[in-house]
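See below for start-v5.tsv, which holds TSV, C-alpha atoms.
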chain	number	residue	atom	x	y	z
A	6	MET	CA	33.46	-38.56	34.25
A	7	GLU	CA	33.91	-37.94	30.55
A	8	TRP	CA	37.19	-36.16	30.74
A	9	LEU	CA	39.88	-35.53	33.25
A	10	ARG	CA	42.02	-32.43	33.42
A	11	VAL	CA	45.66	-33.36	34.00
A	12	ILE	CA	47.97	-30.83	35.61
A	13	ASP	CA	51.46	-32.07	34.79
A	14	PHE	CA	54.23	-32.60	37.28
A	15	ALA	CA	55.67	-29.49	38.92
A	16	VAL	CA	57.56	-28.95	42.15
A	17	GLY	CA	56.18	-26.61	44.80
A	18	ASP	CA	56.72	-25.68	48.42
A	19	PRO	CA	54.60	-27.57	50.99
A	20	PHE	CA	52.17	-24.74	51.78
A	21	TYR	CA	51.66	-23.94	48.12
A	22	ASN	CA	51.11	-27.63	47.36
A	23	MET	CA	48.36	-28.00	49.96
A	24	ALA	CA	46.82	-24.69	48.94
A	25	VAL	CA	46.63	-25.70	45.26
A	26	ASP	CA	44.88	-28.98	46.13
A	27	GLU	CA	42.32	-27.06	48.19
A	28	ALA	CA	41.86	-24.33	45.58
A	29	ILE	CA	41.17	-26.93	42.91
A	30	ALA	CA	38.73	-28.74	45.21
A	31	ARG	CA	36.84	-25.52	45.90
A	32	CYS	CA	36.42	-24.90	42.17
A	33	VAL	CA	35.71	-28.50	41.15
A	34	GLY	CA	33.15	-28.81	43.93
A	35	SER	CA	31.08	-25.94	42.67
A	36	GLY	CA	31.16	-27.41	39.17
A	37	ARG	CA	33.23	-24.55	37.76
A	38	ARG	CA	36.17	-26.85	36.94
A	39	PRO	CA	36.29	-30.41	35.62
A	40	PRO	CA	37.57	-33.42	37.57
A	41	THR	CA	41.32	-33.06	37.91
A	42	LEU	CA	44.44	-35.12	38.36
A	43	ARG	CA	47.38	-33.08	39.57
A	44	LEU	CA	50.96	-34.37	39.76
A	45	TYR	CA	53.52	-32.61	41.90
A	46	GLY	CA	56.67	-32.75	43.97
A	47	TRP	CA	58.05	-31.13	47.11
A	48	SER	CA	60.81	-28.61	47.68
A	49	PRO	CA	61.91	-28.09	50.37
A	50	SER	CA	61.26	-31.46	52.00
A	51	ALA	CA	58.36	-31.51	54.41
A	52	VAL	CA	56.44	-33.51	56.94
A	53	SER	CA	52.72	-33.43	56.37
A	54	ILE	CA	50.56	-34.47	59.29
A	55	GLY	CA	47.00	-35.74	59.19
A	56	TYR	CA	44.14	-33.39	59.98
A	57	PHE	CA	43.51	-35.02	63.38
A	58	GLN	CA	47.09	-35.52	64.50
A	59	GLU	CA	48.87	-33.76	67.32
A	60	VAL	CA	51.91	-32.08	65.81
A	61	LEU	CA	54.12	-32.50	68.90
A	62	GLU	CA	53.34	-36.23	69.05
A	63	GLU	CA	54.27	-36.82	65.44
A	64	VAL	CA	57.06	-34.47	64.47
A	65	ASP	CA	60.56	-33.78	65.77
A	66	LEU	CA	60.36	-30.03	65.28
A	67	ASP	CA	63.99	-29.43	66.31
A	68	PHE	CA	65.21	-31.88	63.69
A	69	CYS	CA	63.00	-30.24	61.06
A	70	LYS	CA	64.25	-26.80	61.97
A	71	SER	CA	67.90	-27.81	61.82
A	72	LYS	CA	67.48	-29.54	58.44
A	73	GLY	CA	65.17	-27.02	56.83
A	74	VAL	CA	62.29	-29.49	56.68
A	75	GLU	CA	58.91	-27.72	56.69
A	76	VAL	CA	55.86	-29.01	58.55
A	77	VAL	CA	52.31	-28.69	57.26
A	78	ARG	CA	48.94	-29.95	58.46
A	79	ARG	CA	46.88	-31.53	55.69
A	80	LEU	CA	43.18	-31.12	55.07
A	81	THR	CA	42.95	-34.91	55.00
A	82	GLY	CA	43.07	-37.39	57.88
A	83	GLY	CA	45.60	-40.17	58.11
A	84	GLY	CA	49.17	-40.24	59.32
A	85	ALA	CA	52.34	-38.18	59.20
A	86	VAL	CA	54.37	-38.45	55.99
A	87	ILE	CA	57.86	-37.27	55.12
A	88	HIS	CA	57.96	-35.84	51.59
A	89	THR	CA	61.41	-35.62	50.00
A	90	ALA	CA	62.69	-34.85	46.52
A	91	GLY	CA	62.24	-38.45	45.32
A	92	GLU	CA	58.49	-38.42	45.74
A	93	LEU	CA	55.83	-38.12	43.07
A	94	THR	CA	52.60	-36.89	44.64
A	95	TYR	CA	49.18	-37.01	43.03
A	96	SER	CA	45.85	-35.51	43.83
A	97	LEU	CA	42.59	-36.63	42.28
A	98	ILE	CA	39.69	-34.27	42.70
A	99	ALA	CA	36.20	-35.05	41.46
A	100	GLU	CA	32.73	-33.89	42.27
A	101	GLU	CA	31.12	-35.93	45.01
A	102	GLY	CA	28.51	-37.97	43.19
A	103	ASP	CA	30.66	-38.46	40.10
A	104	PRO	CA	29.84	-42.05	39.13
A	105	ALA	CA	33.54	-42.78	38.65
A	106	VAL	CA	34.12	-42.46	42.40
A	107	PRO	CA	32.22	-44.83	44.71
A	108	LYS	CA	30.18	-43.27	47.49
A	109	ASP	CA	31.63	-45.77	49.93
A	110	ILE	CA	34.92	-44.35	51.16
A	111	GLN	CA	36.80	-47.63	51.49
A	112	GLU	CA	35.73	-48.65	48.00
A	113	SER	CA	36.74	-45.29	46.62
A	114	TYR	CA	40.28	-45.67	47.96
A	115	ALA	CA	40.59	-48.94	46.09
A	116	ARG	CA	39.11	-47.39	42.95
A	117	ILE	CA	41.37	-44.32	42.95
A	118	CYS	CA	44.47	-46.35	43.83
A	119	ALA	CA	43.81	-48.89	41.05
A	120	PRO	CA	45.32	-46.77	38.22
A	121	ILE	CA	48.44	-46.23	40.33
A	122	VAL	CA	48.76	-49.96	40.92
A	123	ALA	CA	48.29	-50.47	37.17
A	124	ALA	CA	51.01	-47.92	36.37
A	125	LEU	CA	53.39	-49.66	38.78
A	126	ARG	CA	52.70	-53.00	37.12
A	127	LYS	CA	53.48	-51.45	33.73
A	128	LEU	CA	56.84	-50.54	35.19
A	129	GLY	CA	57.35	-54.17	36.15
A	130	VAL	CA	56.63	-53.71	39.85
A	131	ASP	CA	54.45	-56.29	41.57
A	132	ALA	CA	52.28	-53.79	43.44
A	133	ALA	CA	49.02	-54.37	45.27
A	134	PHE	CA	46.48	-52.18	47.00
A	135	ARG	CA	46.35	-52.80	50.74
A	136	PRO	CA	43.34	-51.43	52.60
A	137	ILE	CA	42.75	-48.99	54.07
A	138	ASN	CA	44.86	-46.61	52.04
A	139	ASP	CA	48.24	-48.06	51.03
A	140	ILE	CA	49.91	-49.59	48.01
A	141	GLU	CA	52.53	-52.20	48.81
A	142	VAL	CA	55.22	-54.17	47.07
A	143	GLN	CA	56.10	-57.42	48.84
A	144	GLY	CA	54.62	-56.16	52.06
A	145	ARG	CA	56.38	-52.81	52.01
A	146	LYS	CA	54.64	-49.52	51.44
A	147	VAL	CA	55.46	-47.62	48.26
A	148	SER	CA	52.43	-45.33	48.24
A	149	GLY	CA	49.97	-43.97	50.79
A	150	SER	CA	46.83	-41.93	50.21
A	151	ALA	CA	44.39	-39.83	52.17
A	152	GLN	CA	40.96	-38.56	51.33
A	153	THR	CA	38.60	-35.83	52.36
A	154	ARG	CA	35.13	-34.99	51.16
A	155	ARG	CA	34.53	-31.30	51.36
A	156	PHE	CA	33.37	-28.47	49.12
A	157	GLY	CA	31.19	-31.02	47.31
A	158	THR	CA	34.20	-32.98	46.15
A	159	VAL	CA	36.19	-36.07	46.80
A	160	LEU	CA	39.81	-35.01	47.20
A	161	GLN	CA	42.31	-37.82	47.44
A	162	HIS	CA	46.02	-37.15	47.48
A	163	GLY	CA	48.85	-39.57	47.94
A	164	THR	CA	52.50	-40.36	47.57
A	165	LEU	CA	54.47	-42.54	45.21
A	166	LEU	CA	58.05	-43.11	46.30
A	167	LEU	CA	60.36	-43.17	43.32
A	168	ASP	CA	63.22	-42.51	45.67
A	169	MET	CA	63.56	-41.19	49.17
A	170	ASP	CA	66.08	-39.41	51.33
A	171	PHE	CA	65.90	-41.82	54.25
A	172	THR	CA	68.08	-39.61	56.45
A	173	GLN	CA	65.06	-37.33	56.78
A	174	LEU	CA	62.94	-40.04	58.39
A	175	SER	CA	64.21	-38.76	61.74
A	176	ALA	CA	61.73	-35.91	61.29
A	177	LEU	CA	58.97	-38.36	62.26
A	178	ARG	CA	58.41	-39.39	65.85
A	179	VAL	CA	57.11	-42.87	65.27
A	180	ASN	CA	54.89	-44.65	67.71
A	181	ALA	CA	56.20	-48.24	67.97
A	182	GLU	CA	52.62	-49.44	68.49
A	183	LYS	CA	51.73	-48.23	65.06
A	184	LEU	CA	54.12	-50.51	63.18
A	185	LYS	CA	53.56	-53.65	65.22
A	186	ASP	CA	50.99	-55.45	63.11
A	187	LYS	CA	52.79	-54.51	59.92
A	188	GLY	CA	55.77	-56.67	60.76
A	189	ALA	CA	58.23	-53.82	60.89
A	190	THR	CA	60.08	-52.25	63.78
A	191	ASP	CA	60.76	-48.92	62.11
A	192	VAL	CA	59.55	-46.84	59.20
A	193	ARG	CA	62.67	-47.66	57.20
A	194	GLY	CA	61.73	-51.35	57.27
A	195	ARG	CA	58.13	-50.60	56.42
A	196	VAL	CA	58.65	-48.52	53.26
A	197	THR	CA	60.32	-49.12	49.94
A	198	THR	CA	60.94	-47.10	46.80
A	199	LEU	CA	60.85	-47.83	43.09
A	200	LYS	CA	64.57	-47.23	42.99
A	201	GLU	CA	65.14	-49.97	45.56
A	202	ILE	CA	62.89	-52.36	43.69
A	203	LEU	CA	63.97	-51.66	40.10
A	204	ARG	CA	67.53	-50.57	40.87
A	205	ARG	CA	67.28	-47.60	38.58
A	206	ASP	CA	66.20	-43.97	38.58
A	207	LEU	CA	62.87	-43.05	37.06
A	208	SER	CA	61.79	-39.59	36.03
A	209	LYS	CA	58.83	-38.16	37.89
A	210	GLU	CA	57.52	-36.68	34.66
A	211	ARG	CA	57.54	-40.07	33.01
A	212	VAL	CA	55.93	-41.95	35.87
A	213	GLY	CA	53.43	-39.11	36.27
A	214	ALA	CA	52.45	-39.42	32.61
A	215	LEU	CA	52.06	-43.16	33.03
A	216	VAL	CA	49.85	-42.69	36.09
A	217	ALA	CA	47.71	-40.18	34.17
A	218	GLU	CA	47.34	-42.61	31.28
A	219	GLU	CA	46.15	-45.32	33.66
A	220	PHE	CA	43.61	-42.95	35.23
A	221	GLY	CA	42.27	-42.35	31.73
A	222	ARG	CA	42.04	-46.07	31.11
A	223	GLY	CA	40.64	-46.97	34.54
A	224	PHE	CA	38.04	-44.21	34.60
A	225	LYS	CA	37.33	-44.59	30.88
A	226	CYS	CA	37.74	-40.90	30.27
A	227	GLU	CA	39.65	-38.61	27.98
A	228	LEU	CA	42.72	-36.86	29.35
A	229	VAL	CA	43.06	-33.16	28.70
A	230	ARG	CA	46.30	-31.42	29.62
A	231	GLY	CA	45.56	-28.24	31.51
A	232	SER	CA	46.71	-25.96	34.26
A	233	ALA	CA	45.11	-24.26	37.21
A	234	SER	CA	42.60	-21.61	36.14
A	235	LYS	CA	42.89	-17.94	36.99
A	236	GLU	CA	40.28	-18.38	39.69
A	237	GLU	CA	42.10	-21.34	41.22
A	238	LYS	CA	45.43	-19.51	41.15
A	239	GLY	CA	43.75	-16.51	42.74
A	240	LEU	CA	42.70	-18.59	45.75
A	241	VAL	CA	46.18	-20.00	46.37
A	242	PRO	CA	48.02	-17.16	48.20
A	243	GLU	CA	45.46	-16.83	50.98
A	244	LEU	CA	45.11	-20.59	51.40
A	245	ALA	CA	48.91	-21.02	51.45
A	246	GLU	CA	49.07	-18.39	54.17
A	247	ARG	CA	46.62	-20.41	56.26
A	248	TYR	CA	48.59	-23.63	55.74
A	249	ARG	CA	51.75	-21.80	56.76
A	250	SER	CA	50.24	-20.33	59.94
A	251	GLN	CA	51.09	-21.57	63.43
A	252	GLU	CA	47.37	-21.57	64.30
A	253	TRP	CA	46.69	-24.14	61.60
A	254	LEU	CA	49.74	-26.26	62.42
A	255	PHE	CA	49.10	-26.32	66.16
A	256	ARG	CA	45.33	-26.61	66.09
A	257	ARG	CA	45.93	-30.10	67.51
B	28	MET	CA	42.08	-35.09	86.72
B	29	GLU	CA	43.42	-35.85	83.27
B	30	ARG	CA	43.68	-39.29	81.75
B	31	SER	CA	44.71	-40.54	78.32
B	32	ALA	CA	44.11	-43.75	76.45
B	33	VAL	CA	45.78	-44.90	73.24
B	34	ARG	CA	44.64	-47.78	71.10
B	35	LYS	CA	45.75	-49.15	67.79
B	36	PHE	CA	43.21	-50.92	65.64
B	37	SER	CA	43.47	-53.56	62.96
B	38	GLY	CA	44.23	-51.76	59.74
B	39	GLY	CA	46.84	-49.90	61.72
B	40	LYS	CA	45.11	-46.69	62.74
B	41	LEU	CA	45.91	-45.09	66.06
B	42	LEU	CA	43.37	-43.34	68.26
B	43	LYS	CA	44.31	-41.25	71.29
B	44	VAL	CA	41.84	-39.78	73.72
B	45	THR	CA	42.69	-37.31	76.49
B	46	VAL	CA	39.96	-36.46	78.98
B	47	ARG	CA	39.98	-33.86	81.74
B	48	SER	CA	37.19	-34.51	84.21
B	49	GLU	CA	36.04	-33.88	87.75
B	50	GLY	CA	33.62	-36.08	89.70
B	51	GLY	CA	32.35	-37.91	86.62
B	52	VAL	CA	31.78	-34.72	84.63
B	53	ILE	CA	33.83	-34.07	81.50
B	54	GLN	CA	35.58	-30.74	81.25
B	55	GLU	CA	37.52	-31.34	78.09
B	56	VAL	CA	38.12	-34.12	75.55
B	57	ARG	CA	40.75	-34.26	72.83
B	58	ILE	CA	40.55	-36.87	70.12
B	59	THR	CA	43.68	-37.24	67.99
B	60	GLY	CA	45.34	-39.79	65.73
B	61	ASP	CA	45.88	-40.94	62.18
B	62	PHE	CA	42.32	-42.14	61.56
B	63	PHE	CA	39.73	-40.76	59.16
B	64	VAL	CA	36.39	-39.26	60.14
B	65	HIS	CA	33.87	-37.91	57.65
B	66	PRO	CA	32.80	-35.19	57.85
B	67	GLU	CA	36.03	-34.06	59.48
B	68	ASP	CA	34.35	-31.31	61.47
B	69	ALA	CA	32.49	-33.99	63.43
B	70	VAL	CA	35.55	-34.55	65.64
B	71	GLU	CA	35.60	-30.97	66.91
B	72	GLU	CA	31.83	-31.11	67.20
B	73	MET	CA	32.11	-34.21	69.39
B	74	GLU	CA	34.70	-32.51	71.58
B	75	ARG	CA	32.41	-29.51	72.01
B	76	ALA	CA	29.31	-31.60	72.65
B	77	LEU	CA	31.05	-33.61	75.38
B	78	ARG	CA	32.09	-30.57	77.39
B	79	GLY	CA	30.10	-30.58	80.63
B	80	ALA	CA	28.63	-34.04	79.99
B	81	ARG	CA	28.34	-36.76	82.61
B	82	VAL	CA	30.05	-40.03	81.82
B	83	THR	CA	26.63	-41.67	81.50
B	84	ALA	CA	25.71	-39.30	78.67
B	85	VAL	CA	28.75	-39.94	76.48
B	86	ARG	CA	27.22	-42.78	74.51
B	87	GLY	CA	24.03	-40.92	73.68
B	88	ILE	CA	25.85	-37.77	72.66
B	89	LEU	CA	28.26	-39.53	70.32
B	90	LYS	CA	25.72	-41.94	68.87
B	91	GLU	CA	23.00	-39.44	68.10
B	92	GLY	CA	23.94	-35.96	69.15
B	93	VAL	CA	26.58	-35.22	66.51
B	94	GLU	CA	25.72	-34.91	62.80
B	95	GLY	CA	22.50	-36.79	63.56
B	96	GLY	CA	24.53	-39.98	64.10
B	97	ARG	CA	25.69	-39.97	60.48
B	98	ILE	CA	29.44	-39.91	61.18
B	99	ILE	CA	31.65	-42.24	59.17
B	100	THR	CA	34.76	-43.42	60.99
B	101	ILE	CA	37.55	-45.26	59.24
B	102	GLY	CA	40.23	-46.96	61.29
B	103	PHE	CA	38.16	-47.38	64.46
B	104	LYS	CA	34.54	-47.88	65.51
B	105	LEU	CA	32.49	-45.25	67.28
B	106	ASP	CA	31.91	-47.76	70.11
B	107	ASP	CA	35.70	-47.98	70.63
B	108	LEU	CA	35.91	-44.21	70.98
B	109	ILE	CA	32.97	-44.19	73.41
B	110	SER	CA	34.46	-46.82	75.70
B	111	MET	CA	37.87	-45.13	75.62
B	112	ILE	CA	36.33	-41.82	76.67
B	113	GLU	CA	34.19	-43.46	79.37
B	114	GLY	CA	37.26	-45.26	80.69
B	115	CYS	CA	39.14	-41.97	81.02
B	116	VAL	CA	36.51	-40.17	83.07
B	117	GLY	CA	37.45	-40.00	86.76
Render the structure in this file as structure tokens.
Amino acid sequence: MEWLRVIDFAVGDPFYNMAVDEAIARCVGSGRRPPTLRLYGWSPSAVSIGYFQEVLEEVDLDFCKSKGVEVVRRLTGGGAVIHTAGELTYSLIAEEGDPAVPKDIQESYARICAPIVAALRKLGVDAAFRPINDIEVQGRKVSGSAQTRRFGTVLQHGTLLLDMDFTQLSALRVNAEKLKDKGATDVRGRVTTLKEILRRDLSKERVGALVAEEFGRGFKCELVRGSASKEEKGLVPELAERYRSQEWLFRR
Amino acid sequence: MERSAVRKFSGGKLLKVTVRSEGGVIQEVRITGDFFVHPEDAVEEMERALRGARVTAVRGILKEGVEGGRIITIGFKLDDLISMIEGCVG
């Protein structure tokens, strides 16, 4: 890729957020839009579940309802994630076949996570990519990503925990099996945040800008600040409606 | 009868299979978990293709019958899925 459109940090609701990622992918895939890095946040808090997950297995819906936590099924596989106000989320969308993104899926996770690792190191955090799709600091997860290849694109989105409202972890019904080989007995022990590591607050705008810079460096491309096009924005309402629907949420 | 199997694989991904069957013939299969499959639609395609299949046909259907055998699984191997399904058929 020669240049990368950067859509700067903005906060959106969960259904809107997933709809914008898909709208961008649909337009990037047909070659009508350039490769794109989008930075965003979540309000209200939400659980996103992987494309293949069973919602009732993963989410405590009563807890979510009582706390105003939304639940959304992602287009990407992978596990359930709780997204709270302290999270910086990214999505990287490029045409499938773009030489910057390896064809091999495992390799492409490493490639797309590398600029995030680099940004964390710039902040003085000793971060490392851990296959399949995590970034860890001293064995604890600070970032997780998920990828789909549809519409002729590679769409990878993922989290970066600047801070987290750990009280909302109860929204997840965690399978004890899942954590076993990661040396943790609960999600709280398995994850960490930049605030815990650095003992200070970071701005999402600032870290987002740093991540974008590292994508430019890592992919050797020029960064161009942009926003969603009229066409992309036009796709969002209908897609958001689908993400919000019970049919979509309960399809598994 | 309905049987489920759950396995966790190295790398940490979880795969759950639920099979409803009668006399060695599959009526319904559900494949869920936090794994990755590309293309994603292949999972629903597998579930559809297995409906009405005998346990002896599972391997052939999943190895060649879906997406021409070009499915990429991340987090588990297709052989794991096959043996889990076979093990759930009553």
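Across B:Val44, B:Ile98, B:Leu77, B:Val93, the tightest approach to B:Gly60 is made by B:Val44 when counting all atoms listed in the file.
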*asked:* I need the contact residues of chain B against chain A, so if you could list those with any atom within 8 Å, counting only C-alpha atoms, and return them as a list in words, that would help.
replied: Lys35, Ser37, Gly38, Gly39, Lys40, Leu41, Ile58, Thr59, Gly60, Asp61, Phe62, Phe63, Val64, His65, Pro66, Glu67 and Gly102 of chain B
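Non-sequential neighbours of A:Phe156 (distance at most 7 Å, separation of 2 or more positions within a chain, only C-alpha atoms) are A:Ala30, A:Arg31, A:Gly34, A:Thr158.
Atom to atom, atom CA of B:Gly114 and atom CA of B:Arg75 stand 18.6 Å apart.
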*asked:* Which polymer residues, whether protein, DNA or RNA, lie within 9 Å of the coordinate (62.1, -49.0, 43.8) when you count all atoms listed in the file? List them as a PyMOL selection string, using the chain letters and numbers from the file.
replied: chain A and resi 130+147+166-168+197-206
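Straight-line separation from atom CA of A:Lys72 to atom CA of A:Ser53: 15.4 Å.
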As an mmCIF file with C-alpha atoms, in the frame of the given file, please: the residues near A:Gly221 (cut-off 10 Å, all atoms listed in the file, same-chain neighbours under 4 positions excluded).
data_model
loop_
_atom_site.group_PDB
_atom_site.id
_atom_site.type_symbol
_atom_site.label_atom_id
_atom_site.label_comp_id
_atom_site.auth_asym_id
_atom_site.auth_seq_id
_atom_site.Cartn_x
_atom_site.Cartn_y
_atom_site.Cartn_z
ATOM 1 C CA MET A 6 33.460 -38.560 34.250
ATOM 2 C CA GLU A 7 33.910 -37.940 30.550
ATOM 3 C CA TRP A 8 37.190 -36.160 30.740
ATOM 4 C CA LEU A 9 39.880 -35.530 33.250
ATOM 5 C CA VAL A 11 45.660 -33.360 34.000
ATOM 6 C CA PRO A 120 45.320 -46.770 38.220
ATOM 7 C CA LEU A 215 52.060 -43.160 33.030
ATOM 8 C CA VAL A 216 49.850 -42.690 36.090
ATOM 9 C CA ALA A 217 47.710 -40.180 34.170
ATOM 10 C CA LYS A 225 37.330 -44.590 30.880
ATOM 11 C CA CYS A 226 37.740 -40.900 30.270
ATOM 12 C CA GLU A 227 39.650 -38.610 27.980
ATOM 13 C CA LEU A 228 42.720 -36.860 29.350
ATOM 14 C CA VAL A 229 43.060 -33.160 28.700
#
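Of the listed residues B:Ile109, B:Ala69, B:Val85, B:Met28, the one whose atoms come nearest to B:Ser48 is B:Met28, with distances taken using all atoms listed in the file.
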_Residues near B:Val56, anyone? I mean within 10 Å using all atoms listed in the file, not counting same-chain ones fewer than 2 positions away, as an MDAnalysis selection string._
chainID B and resid 29:31 44:48 53:54 58:59 71 73:78 112 115:116
